[in-house]
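Data file: final21.cif. Format and content: mmCIF, C-alpha atoms.
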data_run
loop_
_atom_site.label_atom_id
_atom_site.label_comp_id
_atom_site.auth_asym_id
_atom_site.auth_seq_id
_atom_site.Cartn_x
_atom_site.Cartn_y
_atom_site.Cartn_z
CA MET S 1 -133.18 41.93 69.72
CA ALA S 2 -129.72 41.81 71.32
CA ILE S 3 -129.84 45.56 71.93
CA ALA S 4 -133.27 45.40 73.54
CA THR S 5 -132.20 42.49 75.74
CA LEU S 6 -129.05 44.26 76.88
CA LEU S 7 -130.87 47.49 77.68
CA SER S 8 -133.54 45.56 79.54
CA PHE S 9 -130.80 43.85 81.51
CA SER S 10 -128.98 47.14 82.13
CA VAL S 11 -131.98 49.35 82.92
CA GLY S 12 -134.70 47.05 84.15
CA ARG S 13 -132.54 45.03 86.52
CA HIS S 14 -130.71 47.48 88.73
CA THR S 15 -129.05 44.70 90.66
CA PHE S 16 -126.02 44.95 88.41
CA SER S 17 -125.15 48.50 89.39
CA PRO S 18 -122.59 48.86 92.18
CA LYS S 19 -123.73 52.42 92.72
CA THR S 20 -127.35 51.29 93.17
CA HIS S 21 -127.21 48.32 95.54
CA LEU S 22 -123.84 48.34 97.23
CA PRO S 23 -123.96 48.35 101.03
CA SER S 24 -123.82 51.71 102.77
CA ALA S 25 -120.18 51.15 103.74
CA THR S 26 -119.25 50.69 100.09
CA SER S 27 -121.11 53.84 99.05
CA SER S 28 -119.40 55.77 101.81
CA LEU S 29 -116.02 54.54 100.59
CA LYS S 30 -116.69 55.73 97.06
CA HIS S 31 -117.86 59.10 98.33
CA SER S 32 -114.72 59.33 100.45
CA CYS S 33 -112.62 58.57 97.37
CA MET S 34 -114.46 61.32 95.51
CA LEU S 35 -113.72 63.83 98.28
CA THR S 36 -110.07 62.78 98.30
CA LEU S 37 -109.76 63.16 94.55
CA PHE S 38 -111.15 66.67 94.37
CA ASN S 39 -110.13 68.13 97.74
CA THR S 40 -106.47 67.17 97.75
CA LYS S 41 -104.19 70.16 97.49
CA LYS S 42 -102.22 70.47 94.31
CA LYS S 43 -98.76 69.01 94.42
CA PRO S 44 -95.99 71.58 94.41
CA ARG S 45 -94.36 72.24 91.09
CA SER S 46 -90.76 71.35 90.54
CA SER S 47 -88.01 73.90 91.12
CA ASN S 48 -88.10 75.13 87.53
CA GLY S 49 -91.83 75.92 87.81
CA TYR S 50 -93.19 73.02 85.74
CA ARG S 51 -94.81 69.73 86.66
CA ARG S 52 -92.96 66.58 85.79
CA PRO S 53 -94.20 65.81 82.29
CA ILE S 54 -95.73 62.51 81.27
CA SER S 55 -94.33 61.55 77.91
CA ALA S 56 -94.70 58.65 75.53
CA GLN S 57 -91.18 57.22 75.48
CA SER S 58 -89.93 53.72 74.88
CA ASN S 59 -88.38 53.36 78.33
CA GLY S 60 -88.11 55.00 81.71
CA ASP S 61 -90.64 55.89 84.40
CA ASN S 62 -92.94 57.65 81.94
CA SER S 63 -92.68 54.96 79.31
CA ALA S 64 -95.43 54.15 76.86
CA ASP S 65 -94.31 50.95 75.19
CA GLY S 66 -96.76 48.54 73.57
CA GLN S 67 -97.83 46.89 76.82
CA ASP S 68 -98.31 50.24 78.58
CA ARG S 69 -100.43 51.54 75.71
CA ILE S 70 -102.72 48.50 75.76
CA ILE S 71 -103.20 48.56 79.55
CA SER S 72 -103.95 52.28 79.48
CA ALA S 73 -106.39 51.93 76.58
CA VAL S 74 -108.30 49.08 78.23
CA CYS S 75 -108.78 51.07 81.46
CA TYR S 76 -111.04 53.58 79.69
CA PHE S 77 -113.61 50.84 79.09
CA TYR S 78 -114.28 50.65 82.83
CA PRO S 79 -116.23 53.93 83.29
CA PHE S 80 -118.02 53.37 79.97
CA PHE S 81 -119.22 49.90 81.00
CA ASP S 82 -120.17 51.18 84.45
CA GLY S 83 -122.26 54.01 82.98
CA ILE S 84 -123.78 52.21 79.98
CA GLN S 85 -127.27 52.54 81.52
CA TYR S 86 -127.21 56.27 80.80
CA GLY S 87 -127.37 55.43 77.10
CA LYS S 88 -130.77 53.76 77.32
CA TYR S 89 -132.36 56.59 75.32
CA VAL S 90 -129.57 57.31 72.85
CA ILE S 91 -128.80 53.70 71.96
CA THR S 92 -132.39 52.86 71.09
CA GLN S 93 -132.89 55.99 68.97
CA PHE S 94 -129.67 56.19 66.94
CA SER S 95 -128.67 53.15 64.91
CA PRO S 96 -125.08 54.35 64.22
CA ILE S 97 -124.39 54.28 67.97
CA GLN S 98 -125.93 50.82 68.16
CA VAL S 99 -123.58 49.62 65.44
CA LEU S 100 -120.61 51.31 67.13
CA ILE S 101 -121.04 49.62 70.50
CA GLN S 102 -122.53 46.33 69.27
CA PRO S 103 -119.15 44.51 69.53
CA LEU S 104 -118.92 45.54 73.19
CA PHE S 105 -122.23 43.99 74.24
CA PRO S 106 -120.76 40.60 75.33
CA ALA S 107 -118.17 42.32 77.52
CA ILE S 108 -120.80 44.68 78.95
CA ARG S 109 -123.03 41.72 79.77
CA VAL S 110 -120.21 40.01 81.66
CA PHE S 111 -119.34 43.24 83.49
CA LYS S 112 -122.97 43.70 84.58
CA SER S 113 -123.55 40.06 85.48
CA PHE S 114 -122.47 40.47 89.11
CA PRO S 115 -123.48 43.41 91.36
CA PHE S 116 -120.00 43.96 92.78
CA ASN S 117 -118.00 43.70 89.54
CA GLY S 118 -117.76 47.46 89.11
CA PHE S 119 -116.55 48.04 92.64
CA LEU S 120 -114.06 45.18 92.46
CA VAL S 121 -112.62 46.65 89.27
CA PHE S 122 -112.45 50.03 91.00
CA LEU S 123 -110.42 48.59 93.89
CA THR S 124 -108.19 46.59 91.55
CA LEU S 125 -107.34 49.53 89.33
CA TYR S 126 -106.70 51.87 92.24
CA PHE S 127 -104.64 49.64 94.54
CA VAL S 128 -103.02 47.27 92.04
CA VAL S 129 -102.23 49.76 89.27
CA VAL S 130 -102.35 53.39 90.45
CA ARG S 131 -100.61 52.72 93.77
CA ASN S 132 -98.10 50.30 92.27
CA PRO S 133 -94.81 52.02 91.35
CA SER S 134 -93.82 49.08 89.17
CA PHE S 135 -96.22 50.46 86.55
CA SER S 136 -95.04 53.46 84.57
CA ARG S 137 -96.48 56.86 85.41
CA TYR S 138 -98.08 56.86 81.95
CA VAL S 139 -100.16 53.80 82.87
CA ARG S 140 -100.98 55.05 86.37
CA PHE S 141 -102.09 58.47 85.12
CA ASN S 142 -104.42 57.02 82.48
CA THR S 143 -105.80 54.50 84.96
CA MET S 144 -106.44 57.29 87.46
CA GLN S 145 -108.29 59.30 84.82
CA ALA S 146 -110.59 56.33 84.21
CA ILE S 147 -111.21 55.98 87.95
CA VAL S 148 -111.99 59.67 88.43
CA LEU S 149 -114.36 59.52 85.48
CA ASP S 150 -116.18 56.60 87.07
CA VAL S 151 -116.37 58.34 90.46
CA LEU S 152 -118.03 61.32 88.77
CA LEU S 153 -120.93 59.03 87.84
CA ILE S 154 -122.03 59.38 91.46
CA PHE S 155 -123.53 62.79 90.63
CA PRO S 156 -125.99 61.77 87.88
CA ASP S 157 -126.82 58.65 89.87
CA LEU S 158 -127.77 60.70 92.95
CA LEU S 159 -129.76 63.09 90.77
CA GLU S 160 -131.73 60.23 89.25
CA ARG S 161 -132.48 58.81 92.69
CA SER S 162 -133.88 62.09 94.00
CA PHE S 163 -135.48 63.27 90.76
CA ASN S 164 -137.23 60.48 88.88
CA PRO S 165 -140.07 61.95 86.78
CA ARG S 166 -142.38 59.76 84.73
CA GLU S 167 -143.56 62.28 82.14
CA GLY S 168 -143.54 65.88 80.98
CA PHE S 169 -140.69 68.36 81.12
CA GLY S 170 -139.01 66.55 83.99
CA LEU S 171 -138.71 63.37 81.94
CA ASP S 172 -137.33 65.32 78.97
CA LEU S 173 -134.74 66.90 81.23
CA LEU S 174 -133.76 63.53 82.67
CA MET S 175 -133.43 62.05 79.18
CA SER S 176 -131.19 64.94 78.15
CA LEU S 177 -129.02 64.51 81.23
CA ASP S 178 -128.64 60.75 80.75
CA SER S 179 -127.87 61.17 77.06
CA THR S 180 -125.26 63.85 77.79
CA VAL S 181 -123.54 61.65 80.38
CA PHE S 182 -123.51 58.70 78.00
CA LEU S 183 -122.13 60.69 75.07
CA TYR S 184 -119.44 62.16 77.31
CA LEU S 185 -118.43 58.66 78.41
CA LEU S 186 -118.40 57.49 74.80
CA VAL S 187 -116.21 60.40 73.66
CA CYS S 188 -113.83 59.82 76.57
CA LEU S 189 -113.60 56.13 75.69
CA ILE S 190 -112.82 56.80 72.04
CA TYR S 191 -110.44 59.68 72.69
CA GLY S 192 -108.68 58.06 75.65
CA SER S 193 -108.23 54.59 74.18
CA THR S 194 -107.22 55.82 70.73
CA SER S 195 -104.68 58.26 72.15
CA CYS S 196 -103.16 55.54 74.32
CA LEU S 197 -102.88 53.08 71.45
CA LEU S 198 -101.07 55.78 69.47
CA GLY S 199 -98.71 56.43 72.37
CA GLN S 200 -100.09 59.89 73.03
CA LEU S 201 -101.23 61.29 76.38
CA PRO S 202 -104.98 61.96 76.59
CA ARG S 203 -106.11 64.63 79.03
CA LEU S 204 -109.81 64.27 79.65
CA PRO S 205 -111.85 67.40 80.38
CA ILE S 206 -112.84 67.79 84.04
CA VAL S 207 -110.86 64.79 85.31
CA ALA S 208 -107.25 65.32 84.15
CA GLU S 209 -106.23 67.73 86.92
CA ALA S 210 -107.76 65.56 89.65
CA ALA S 211 -106.02 62.47 88.26
CA GLU S 212 -102.66 64.23 88.04
CA ARG S 213 -102.81 65.21 91.72
CA GLN S 214 -103.27 61.55 92.70
CA VAL S 215 -100.38 60.11 90.68
CA PRO S 216 -97.03 60.38 92.50
#
Serialized structure, structure tokens:
Amino acid sequence: MAIATLLSFSVGRHTFSPKTHLPSATSSLKHSCMLTLFNTKKKPRSSNGYRRPISAQSNGDNSADGQDRIISAVCYFYPFFDGIQYGKYVITQFSPIQVLIQPLFPAIRVFKSFPFNGFLVFLTLYFVVVRNPSFSRYVRFNTMQAIVLDVLLIFPDLLERSFNPREGFGLDLLMSLDSTVFLYLLVCLIYGSTSCLLGQLPRLPIVAEAAERQVP
């Protein structure tokens, strides 16, 4: 019953989604952020030919102490919560996934309770964490990966808006796309958060290079 209620809240009421009902200015800002992330020229390598590494040390600019690990791990919940609606087919069909994310339902409900929550979190993470040199580069890099991952959700969202079949092959294709997006978000959440808690550096497919270019 809780699963059905949450999915009804997440899928049936689109008012929660910042990508669905944000004003045009907000949508333009997110699209501008996307263009900035993927069109920025690569930063020059250091004199010895290698980028400055991000390591899990106990101190220093690239530190990954207990607090840094927790902050970094929590950031990966943001794109997962923001894209939970893409799991509307997978969650209802596979009970193991239901059991896996069941503990997250209260937090997801709070996150979806206000239309602008997702965008406010986006601004907070970007300007308060990524652009704040008081945080270690380890934290800022992981936070930027989570942001880039969330920005990428613009693509399946635009596809759903322009291609919304009700039956047949088109519906099957849409279900496959949504399920793939959701499973990718789930894998990134598990891999990213677990790696951070262990003090390791996760590099997410597709988004790692874009995130690295944005972290000074």
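Counting from CA of Leu120 in chain S, the distance to CA of Asp65 in chain S is 26.9 Å.
One distance worth recording is that between CA of Ser162 in chain S and CA of Lys88 in chain S, which is 18.9 Å.
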Just to confirm, what's the straight-line distance from CA of Gln67 in chain S to CA of Thr143 in chain S in Å (one decimal)?
13.7 Å
Quick check on the file I pasted: which residues fall under the PyMOL selection byres ((chain S and resi 148) around 8)? Write them as a PyMOL selection string.
chain S and resi 34+37+144-147+149-152+207+210-211
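Each of S:Ser179, S:Asn132, S:Gln214, S:Ser193 was compared to Ile84 in chain S using only C-alpha atoms, and S:Ser179 turns out to be the nearest.
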Between S:Gln200, S:Val130, S:Leu125, S:Asp178, which is the closest to Val74 in chain S once you count only C-alpha atoms?
S:Leu125
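Of the residues under consideration (S:Val139, S:Leu183, S:Ala107, S:Leu177), S:Leu183 shows the shortest atom-to-atom contact distance to Ile91 in chain S when counting all atoms listed in the file.
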Which of these residues is nearest to Ile190 in chain S, using all atoms listed in the file: S:Ala73, S:Ala208, S:Leu123, S:Leu174?
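The shortest atom-to-atom distance to Ile190 in chain S comes from S:Ala73.
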Residues matched by the PyMOL selection byres ((chain S and resi 121) around 12), written as an MDAnalysis selection string
chainID S and resid 18 75:79 81:82 111:112 114:120 122:129 143 146:147 150
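Across S:Phe80, S:Thr92, S:Asp68, S:Leu159, the tightest approach to Leu104 in chain S is made by S:Phe80 when counting all atoms listed in the file.
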